[in-house]
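One file, model35.cif, carrying mmCIF, C-alpha atoms:
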```cif
data_protein
#
loop_
_atom_site.label_atom_id
_atom_site.label_comp_id
_atom_site.auth_asym_id
_atom_site.auth_seq_id
_atom_site.Cartn_x
_atom_site.Cartn_y
_atom_site.Cartn_z
CA MET A 1 -95.73 -22.88 52.93
CA ASP A 2 -97.10 -23.87 56.35
CA LEU A 3 -98.63 -20.69 57.74
CA ASN A 4 -99.79 -22.37 60.98
CA VAL A 5 -96.27 -22.57 62.41
CA GLU A 6 -94.62 -19.36 63.54
CA LYS A 7 -91.29 -18.82 61.83
CA TYR A 8 -88.46 -16.36 62.19
CA PHE A 9 -85.38 -14.90 60.52
CA ALA A 10 -82.12 -15.63 62.31
CA ILE A 11 -79.18 -13.47 61.27
CA MET A 12 -75.58 -14.43 62.00
CA GLY A 13 -72.44 -12.63 60.96
CA ASP A 14 -68.73 -12.38 61.56
CA ILE A 15 -65.87 -10.09 60.67
CA VAL A 16 -63.54 -11.55 58.04
CA ASP A 17 -59.92 -11.93 59.20
CA SER A 18 -60.57 -9.87 62.33
CA ARG A 19 -57.35 -11.10 63.96
CA LYS A 20 -55.35 -9.35 61.26
CA ILE A 21 -56.85 -5.95 62.08
CA GLU A 22 -54.33 -3.91 64.05
CA ASP A 23 -56.61 -1.69 66.15
CA ARG A 24 -58.80 -4.38 67.66
CA ASP A 25 -59.97 -2.06 70.45
CA GLU A 26 -61.40 0.47 67.99
CA LEU A 27 -62.94 -2.35 65.96
CA GLN A 28 -64.67 -3.71 69.06
CA LYS A 29 -66.05 -0.28 69.97
CA LYS A 30 -67.51 0.13 66.48
CA PHE A 31 -69.01 -3.36 66.68
CA VAL A 32 -70.64 -2.75 70.06
CA ASN A 33 -72.03 0.62 68.98
CA ILE A 34 -73.69 -0.65 65.79
CA ILE A 35 -75.18 -3.72 67.50
CA ASN A 36 -76.64 -1.53 70.26
CA SER A 37 -77.96 0.87 67.63
CA ILE A 38 -79.65 -1.95 65.70
CA ASN A 39 -81.33 -3.25 68.86
CA ASP A 40 -82.72 0.20 69.60
CA LYS A 41 -83.73 1.20 66.08
CA TYR A 42 -85.38 -2.09 65.09
CA SER A 43 -86.85 -3.13 68.45
CA ASP A 44 -90.29 -3.69 66.89
CA ASP A 45 -88.82 -6.23 64.45
CA ILE A 46 -86.66 -8.09 66.96
CA ALA A 47 -87.71 -11.31 68.68
CA SER A 48 -84.35 -11.71 70.41
CA LYS A 49 -81.77 -8.93 70.57
CA PHE A 50 -78.60 -8.96 68.51
CA LEU A 51 -75.72 -10.18 70.61
CA ILE A 52 -71.97 -10.18 70.03
CA THR A 53 -70.43 -13.64 70.38
CA LEU A 54 -66.75 -14.64 70.39
CA GLY A 55 -65.70 -11.01 70.00
CA ASP A 56 -66.01 -10.80 66.22
CA SER A 57 -69.35 -12.55 65.59
CA PHE A 58 -72.98 -11.69 66.25
CA GLN A 59 -76.45 -13.17 66.02
CA GLY A 60 -80.05 -12.06 66.47
CA LEU A 61 -83.63 -13.15 65.73
CA LEU A 62 -86.28 -11.23 63.80
CA LYS A 63 -90.03 -11.79 63.83
CA LYS A 64 -90.66 -9.49 60.86
CA SER A 65 -89.32 -9.54 57.31
CA SER A 66 -89.38 -5.89 56.28
CA ASN A 67 -85.95 -4.83 57.58
CA VAL A 68 -83.82 -7.97 57.23
CA LEU A 69 -81.54 -6.50 54.58
CA ASN A 70 -81.65 -2.97 56.02
CA ILE A 71 -80.19 -4.29 59.27
CA ILE A 72 -77.41 -6.12 57.46
CA ASP A 73 -76.67 -3.07 55.30
CA GLU A 74 -76.37 -0.81 58.35
CA ILE A 75 -74.03 -3.21 60.12
CA GLU A 76 -71.89 -3.66 57.02
CA ASN A 77 -71.70 0.07 56.31
CA SER A 78 -70.84 0.93 59.92
CA MET A 79 -68.04 -1.64 60.01
CA PHE A 80 -66.48 -0.62 56.67
CA PRO A 81 -63.68 -1.04 55.61
CA SER A 82 -63.79 -4.35 57.51
CA ASN A 83 -65.49 -7.11 55.51
CA LEU A 84 -68.18 -9.31 57.00
CA ARG A 85 -69.96 -12.58 56.26
CA PHE A 86 -73.70 -12.84 56.87
CA GLY A 87 -75.95 -15.87 57.08
CA ILE A 88 -79.73 -15.42 57.01
CA GLY A 89 -81.70 -18.44 58.21
CA PHE A 90 -85.47 -18.82 58.03
CA GLY A 91 -87.46 -21.38 59.96
CA GLU A 92 -88.99 -22.44 63.24
CA ILE A 93 -87.64 -22.00 66.76
CA LYS A 94 -87.86 -25.09 68.94
CA THR A 95 -86.92 -23.52 72.29
CA SER A 96 -88.41 -20.70 74.31
CA ILE A 97 -87.38 -17.26 73.01
CA ASP A 98 -85.27 -15.14 75.33
CA ILE A 99 -85.44 -11.49 74.28
CA GLU A 100 -82.07 -10.67 75.84
CA TYR A 101 -79.95 -13.73 74.99
CA SER A 102 -80.25 -15.09 71.47
CA SER A 103 -77.48 -17.58 72.25
CA LEU A 104 -79.97 -19.53 74.40
CA ILE A 105 -82.32 -20.09 71.45
CA ASP A 106 -82.23 -23.01 69.02
CA GLY A 107 -84.16 -24.37 66.08
CA PRO A 108 -84.13 -24.63 62.27
CA ALA A 109 -83.92 -20.83 61.84
CA TYR A 110 -80.53 -20.80 63.58
CA HIS A 111 -79.41 -24.07 61.97
CA ASN A 112 -80.11 -22.53 58.55
CA ALA A 113 -78.26 -19.32 59.46
CA ARG A 114 -75.21 -21.34 60.52
CA PHE A 115 -75.35 -23.32 57.29
CA ALA A 116 -75.61 -20.10 55.26
CA ILE A 117 -72.69 -18.39 56.94
CA ASP A 118 -70.56 -21.52 56.62
CA ASP A 119 -71.46 -21.58 52.93
CA THR A 120 -70.26 -17.98 52.50
CA LYS A 121 -66.81 -19.17 53.56
CA ARG A 122 -66.86 -21.77 50.79
CA VAL A 123 -68.30 -19.46 48.12
CA ASN A 124 -66.07 -16.53 49.02
CA SER A 125 -62.93 -18.44 50.03
CA LYS A 126 -60.85 -17.01 47.18
CA LYS A 127 -62.22 -13.48 47.35
CA ARG A 128 -61.86 -11.73 50.69
CA ASP A 129 -61.99 -8.13 49.52
CA SER A 130 -65.75 -7.73 50.02
CA SER A 131 -68.57 -8.75 52.31
CA TYR A 132 -70.91 -11.60 51.42
CA ILE A 133 -74.49 -12.61 52.27
CA LEU A 134 -76.39 -15.89 51.80
CA VAL A 135 -79.88 -17.01 52.82
CA LYS A 136 -81.00 -20.55 53.70
CA SER A 137 -84.43 -22.03 54.39
CA GLU A 138 -86.50 -25.07 53.49
CA TYR A 139 -87.57 -23.35 50.25
CA THR A 140 -84.65 -24.13 47.95
CA LEU A 141 -85.96 -22.47 44.80
CA LEU A 142 -86.72 -19.23 46.63
CA ASP A 143 -83.31 -19.37 48.31
CA ASN A 144 -81.58 -19.75 44.95
CA LEU A 145 -83.42 -16.73 43.54
CA MET A 146 -82.62 -14.60 46.58
CA ASN A 147 -78.97 -15.63 46.65
CA SER A 148 -78.55 -14.79 42.98
CA SER A 149 -79.92 -11.31 43.62
CA LEU A 150 -77.75 -10.91 46.73
CA SER A 151 -74.72 -11.92 44.67
CA LEU A 152 -75.55 -9.20 42.12
CA CYS A 153 -75.73 -6.57 44.87
CA ASN A 154 -72.47 -7.79 46.36
CA THR A 155 -70.71 -7.66 43.00
CA ILE A 156 -71.85 -4.10 42.33
CA LYS A 157 -70.91 -2.93 45.82
CA SER A 158 -67.50 -4.62 45.79
CA ASN A 159 -66.53 -2.49 42.79
CA TRP A 160 -67.28 0.85 44.45
CA SER A 161 -64.26 3.09 44.86
CA GLU A 162 -63.72 5.20 47.97
CA LYS A 163 -64.89 8.27 46.05
CA GLN A 164 -68.07 6.52 44.93
CA ARG A 165 -68.76 5.29 48.47
CA ALA A 166 -68.36 8.82 49.81
CA VAL A 167 -71.01 10.12 47.40
CA ILE A 168 -73.34 7.17 48.05
CA ASP A 169 -73.09 7.60 51.83
CA LEU A 170 -73.98 11.29 51.61
CA ILE A 171 -76.84 11.01 49.11
CA ILE A 172 -78.36 7.59 49.74
CA ARG A 173 -77.74 7.11 53.45
CA GLU A 174 -77.72 10.70 54.71
CA GLY A 175 -80.26 12.14 52.28
CA LYS A 176 -78.09 14.99 50.98
CA THR A 177 -78.76 16.56 47.58
CA GLN A 178 -76.13 16.31 44.87
CA GLU A 179 -75.39 20.01 45.35
CA GLU A 180 -74.93 19.55 49.12
CA ALA A 181 -72.72 16.51 48.58
CA ALA A 182 -70.60 18.47 46.12
CA VAL A 183 -69.98 21.21 48.70
CA ILE A 184 -69.09 18.71 51.42
CA LEU A 185 -66.69 16.82 49.15
CA GLY A 186 -65.21 19.94 47.57
CA ILE A 187 -66.13 18.95 44.02
CA LYS A 188 -68.66 20.07 41.41
CA GLN A 189 -72.20 18.67 41.10
CA PRO A 190 -71.57 17.02 37.68
CA SER A 191 -68.75 15.03 39.29
CA VAL A 192 -71.13 13.84 42.00
CA ASN A 193 -73.62 12.78 39.36
CA GLU A 194 -70.95 10.95 37.37
CA ARG A 195 -69.78 9.01 40.42
CA LEU A 196 -73.35 7.93 41.11
CA LYS A 197 -73.92 6.80 37.54
CA SER A 198 -70.65 4.88 37.30
CA SER A 199 -71.41 3.07 40.57
CA ASN A 200 -74.56 1.44 39.12
CA ILE A 201 -76.37 2.65 42.23
CA ASP A 202 -79.80 2.59 40.53
CA ILE A 203 -79.46 -1.11 39.71
CA TYR A 204 -78.15 -1.80 43.21
CA ARG A 205 -81.00 0.05 44.93
CA GLU A 206 -83.64 -1.60 42.76
CA SER A 207 -82.23 -5.05 43.53
CA PHE A 208 -81.81 -4.19 47.21
CA GLU A 209 -85.44 -3.09 47.59
CA SER A 210 -86.71 -6.09 45.64
CA ILE A 211 -84.79 -8.47 47.90
CA ASN A 212 -85.97 -6.74 51.06
CA SER A 213 -89.58 -6.89 49.88
CA ALA A 214 -89.24 -10.50 48.74
CA PHE A 215 -88.34 -11.65 52.25
CA ALA A 216 -92.06 -11.28 53.01
CA LEU A 217 -92.63 -14.33 50.77
CA TYR A 218 -90.92 -16.53 53.35
CA LEU A 219 -93.59 -15.56 55.89
CA GLY A 220 -96.38 -15.88 53.34
CA ASP A 221 -97.11 -12.14 53.55
CA LYS A 222 -99.05 -10.51 50.75
#
```

Would you mind giving the structure from this file in structure tokens?
Amino acid sequence: MDLNVEKYFAIMGDIVDSRKIEDRDELQKKFVNIINSINDKYSDDIASKFLITLGDSFQGLLKKSSNVLNIIDEIENSMFPSNLRFGIGFGEIKTSIDIEYSSLIDGPAYHNARFAIDDTKRVNSKKRDSSYILVKSEYTLLDNLMNSSLSLCNTIKSNWSEKQRAVIDLIIREGKTQEEAAVILGIKQPSVNERLKSSNIDIYRESFESINSAFALYLGDK
């Protein structure tokens, strides 16, 4: 890997079948809120702010690798039950970088992100009941490994029931204990534990963290 050239992660995404969603106004409000939240929360990672394009699409540029998947996960979770496609592109930027307007930026990082998100449409054309993520760079072997792991996470997550998601949101994302989650959901603690086990959340989290850490390899980080 050429460590002398500065490289970035471009993230692009769009909402699947957004025109079929009845309450488009509410959808748009949710979209704006999560994009604004991401720009605030991850400002130290961002080279160019995330920006909504065409109403149901977005893009942004990251200079760090540590939160690539965390950002996607937060967007996806906030937009649920709407499904999204995500393309992660890694590479150089050939234009000047505008912190406010990522749409003015161009280079291989964005070309790769566009290729990746277009590829999600091909890969997931027959299955539109879940979100999908692909990564693209000049490092084909690393891309293949990452995309296999991302596919595993997607498969596990796509099989979560509403009850399992409710438990996962409370315990994993909000930091509640199983006992606290049980009280909130009006069930007993063993039921909370069973929902967690049946969701394969341990395998998902292990894969998720491994993928997030592995993005550092693209930048040549130790």

Residue members of the PyMOL selection byres ((chain A and resi 58-73) around 6) in the file shown, as number ranges by chain: A: 8-13, 45-53, 57, 74-77, 102, 212, 215-216

Within 9 Å of Gly107 in chain A using all atoms listed in the file, minus same-chain residues under 2 positions, as a PyMOL selection string: chain A and resi 91-95+105+109-112

Long-range neighbours of Ile168 in chain A as number ranges by chain, 12 Å cut-off, all atoms listed in the file, 2 positions minimum in chain: A: 77, 157, 160-166, 170-178, 181-182, 185, 192-202, 204-205

From A:Ala214, A:Ile21, A:Ile156, A:Val16, residue lying nearest Ile117 in chain A [only C-alpha atoms]: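 The answer is A:Val16, which sits nearest to Ile117 in chain A.
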
Å distance separating CA of Tyr132 in chain A from CA of Tyr101 in chain A, one decimal place: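 CA of Tyr132 in chain A sits 25.3 Å away from CA of Tyr101 in chain A.
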
Contact residues around Arg24 in chain A with only C-alpha atoms at 12 Å, ignoring same-chain residues under 5 positions, as an MDAnalysis selection string: chainID A and resid 15 17:19 29:31 55:56 82

Would you compute the box with edges along x, y and z of the file around range 100-105 of chain A, including every atom the file lists for it and 5 Å extra on each side, and give its centre and edge lengths in Å to one decimal, as JSON?
```
{"center_x": -79.9, "center_y": -15.4, "center_z": 73.6, "size_x": 14.8, "size_y": 19.4, "size_z": 14.4}
```

All heavy atoms of range 6-17 of chain A from block above, as a PDB file, in the first residue's frame:
```
ATOM      1  N   GLU A   6      -2.273  10.562   0.605  1.00  0.00           N
ATOM      2  CA  GLU A   6      -3.366  10.609   1.573  1.00  0.00           C
ATOM      3  C   GLU A   6      -4.638  10.036   0.953  1.00  0.00           C
ATOM      4  O   GLU A   6      -5.018  10.416  -0.157  1.00  0.00           O
ATOM      5  CB  GLU A   6      -3.614  12.048   2.026  1.00  0.00           C
ATOM      6  CG  GLU A   6      -4.508  12.150   3.243  1.00  0.00           C
ATOM      7  CD  GLU A   6      -4.479  13.514   3.885  1.00  0.00           C
ATOM      8  OE1 GLU A   6      -3.907  14.448   3.273  1.00  0.00           O
ATOM      9  OE2 GLU A   6      -5.029  13.644   4.994  1.00  0.00           O
ATOM     10  N   LYS A   7      -5.277   9.145   1.684  1.00  0.00           N
ATOM     11  CA  LYS A   7      -6.476   8.493   1.177  1.00  0.00           C
ATOM     12  C   LYS A   7      -7.615   8.607   2.185  1.00  0.00           C
ATOM     13  O   LYS A   7      -7.399   8.872   3.369  1.00  0.00           O
ATOM     14  CB  LYS A   7      -6.193   7.034   0.833  1.00  0.00           C
ATOM     15  CG  LYS A   7      -5.168   6.881  -0.289  1.00  0.00           C
ATOM     16  CD  LYS A   7      -4.908   5.433  -0.652  1.00  0.00           C
ATOM     17  CE  LYS A   7      -3.878   5.339  -1.780  1.00  0.00           C
ATOM     18  NZ  LYS A   7      -3.596   3.942  -2.165  1.00  0.00           N
ATOM     19  N   TYR A   8      -8.825   8.391   1.689  1.00  0.00           N
ATOM     20  CA  TYR A   8     -10.015   8.657   2.468  1.00  0.00           C
ATOM     21  C   TYR A   8     -11.045   7.549   2.267  1.00  0.00           C
ATOM     22  O   TYR A   8     -10.963   6.765   1.321  1.00  0.00           O
ATOM     23  CB  TYR A   8     -10.647   9.991   2.044  1.00  0.00           C
ATOM     24  CG  TYR A   8      -9.745  11.183   2.197  1.00  0.00           C
ATOM     25  CD1 TYR A   8      -8.811  11.509   1.201  1.00  0.00           C
ATOM     26  CD2 TYR A   8      -9.834  12.005   3.313  1.00  0.00           C
ATOM     27  CE1 TYR A   8      -7.982  12.614   1.335  1.00  0.00           C
ATOM     28  CE2 TYR A   8      -9.013  13.121   3.455  1.00  0.00           C
ATOM     29  CZ  TYR A   8      -8.087  13.407   2.462  1.00  0.00           C
ATOM     30  OH  TYR A   8      -7.265  14.501   2.600  1.00  0.00           O
ATOM     31  N   PHE A   9     -12.050   7.552   3.160  1.00  0.00           N
ATOM     32  CA  PHE A   9     -13.215   6.692   3.008  1.00  0.00           C
ATOM     33  C   PHE A   9     -14.405   7.550   2.603  1.00  0.00           C
ATOM     34  O   PHE A   9     -14.809   8.448   3.343  1.00  0.00           O
ATOM     35  CB  PHE A   9     -13.548   5.975   4.325  1.00  0.00           C
ATOM     36  CG  PHE A   9     -12.578   4.906   4.714  1.00  0.00           C
ATOM     37  CD1 PHE A   9     -11.524   5.190   5.568  1.00  0.00           C
ATOM     38  CD2 PHE A   9     -12.713   3.620   4.220  1.00  0.00           C
ATOM     39  CE1 PHE A   9     -10.622   4.199   5.933  1.00  0.00           C
ATOM     40  CE2 PHE A   9     -11.813   2.622   4.579  1.00  0.00           C
ATOM     41  CZ  PHE A   9     -10.761   2.921   5.433  1.00  0.00           C
ATOM     42  N   ALA A  10     -14.949   7.288   1.437  1.00  0.00           N
ATOM     43  CA  ALA A  10     -16.185   7.943   1.004  1.00  0.00           C
ATOM     44  C   ALA A  10     -17.338   6.981   1.282  1.00  0.00           C
ATOM     45  O   ALA A  10     -17.247   5.791   0.978  1.00  0.00           O
ATOM     46  CB  ALA A  10     -16.125   8.280  -0.479  1.00  0.00           C
ATOM     47  N   ILE A  11     -18.387   7.494   1.879  1.00  0.00           N
ATOM     48  CA  ILE A  11     -19.568   6.681   2.165  1.00  0.00           C
ATOM     49  C   ILE A  11     -20.755   7.271   1.415  1.00  0.00           C
ATOM     50  O   ILE A  11     -21.032   8.463   1.506  1.00  0.00           O
ATOM     51  CB  ILE A  11     -19.883   6.630   3.666  1.00  0.00           C
ATOM     52  CG1 ILE A  11     -18.714   6.021   4.436  1.00  0.00           C
ATOM     53  CG2 ILE A  11     -21.167   5.829   3.918  1.00  0.00           C
ATOM     54  CD1 ILE A  11     -18.940   5.965   5.944  1.00  0.00           C
ATOM     55  N   MET A  12     -21.427   6.421   0.656  1.00  0.00           N
ATOM     56  CA  MET A  12     -22.655   6.812  -0.031  1.00  0.00           C
ATOM     57  C   MET A  12     -23.771   5.860   0.376  1.00  0.00           C
ATOM     58  O   MET A  12     -23.515   4.692   0.687  1.00  0.00           O
ATOM     59  CB  MET A  12     -22.480   6.759  -1.551  1.00  0.00           C
ATOM     60  CG  MET A  12     -21.553   7.805  -2.117  1.00  0.00           C
ATOM     61  SD  MET A  12     -21.496   7.715  -3.933  1.00  0.00           S
ATOM     62  CE  MET A  12     -20.548   9.195  -4.286  1.00  0.00           C
ATOM     63  N   GLY A  13     -24.986   6.351   0.379  1.00  0.00           N
ATOM     64  CA  GLY A  13     -26.109   5.498   0.724  1.00  0.00           C
ATOM     65  C   GLY A  13     -27.398   6.023   0.146  1.00  0.00           C
ATOM     66  O   GLY A  13     -27.495   7.204  -0.199  1.00  0.00           O
ATOM     67  N   ASP A  14     -28.372   5.144   0.037  1.00  0.00           N
ATOM     68  CA  ASP A  14     -29.708   5.584  -0.365  1.00  0.00           C
ATOM     69  C   ASP A  14     -30.766   4.676   0.245  1.00  0.00           C
ATOM     70  O   ASP A  14     -30.481   3.545   0.638  1.00  0.00           O
ATOM     71  CB  ASP A  14     -29.864   5.680  -1.887  1.00  0.00           C
ATOM     72  CG  ASP A  14     -29.704   4.350  -2.598  1.00  0.00           C
ATOM     73  OD1 ASP A  14     -30.309   3.355  -2.143  1.00  0.00           O
ATOM     74  OD2 ASP A  14     -28.987   4.294  -3.611  1.00  0.00           O
ATOM     75  N   ILE A  15     -31.962   5.225   0.353  1.00  0.00           N
ATOM     76  CA  ILE A  15     -33.083   4.487   0.921  1.00  0.00           C
ATOM     77  C   ILE A  15     -33.725   3.645  -0.170  1.00  0.00           C
ATOM     78  O   ILE A  15     -34.055   4.155  -1.244  1.00  0.00           O
ATOM     79  CB  ILE A  15     -34.126   5.450   1.517  1.00  0.00           C
ATOM     80  CG1 ILE A  15     -33.469   6.344   2.576  1.00  0.00           C
ATOM     81  CG2 ILE A  15     -35.294   4.681   2.124  1.00  0.00           C
ATOM     82  CD1 ILE A  15     -34.364   7.476   3.045  1.00  0.00           C
ATOM     83  N   VAL A  16     -33.895   2.371   0.089  1.00  0.00           N
ATOM     84  CA  VAL A  16     -34.467   1.448  -0.890  1.00  0.00           C
ATOM     85  C   VAL A  16     -35.970   1.710  -1.042  1.00  0.00           C
ATOM     86  O   VAL A  16     -36.704   1.795  -0.053  1.00  0.00           O
ATOM     87  CB  VAL A  16     -34.233  -0.015  -0.474  1.00  0.00           C
ATOM     88  CG1 VAL A  16     -34.892  -0.967  -1.472  1.00  0.00           C
ATOM     89  CG2 VAL A  16     -32.745  -0.300  -0.354  1.00  0.00           C
ATOM     90  N   ASP A  17     -36.404   1.868  -2.290  1.00  0.00           N
ATOM     91  CA  ASP A  17     -37.828   2.050  -2.605  1.00  0.00           C
ATOM     92  C   ASP A  17     -38.467   3.175  -1.797  1.00  0.00           C
ATOM     93  O   ASP A  17     -39.593   3.050  -1.294  1.00  0.00           O
ATOM     94  CB  ASP A  17     -38.595   0.737  -2.356  1.00  0.00           C
ATOM     95  CG  ASP A  17     -38.202  -0.359  -3.339  1.00  0.00           C
ATOM     96  OD1 ASP A  17     -37.773  -0.015  -4.446  1.00  0.00           O
ATOM     97  OD2 ASP A  17     -38.315  -1.544  -2.975  1.00  0.00           O
TER      98      ASP A  17
END
```
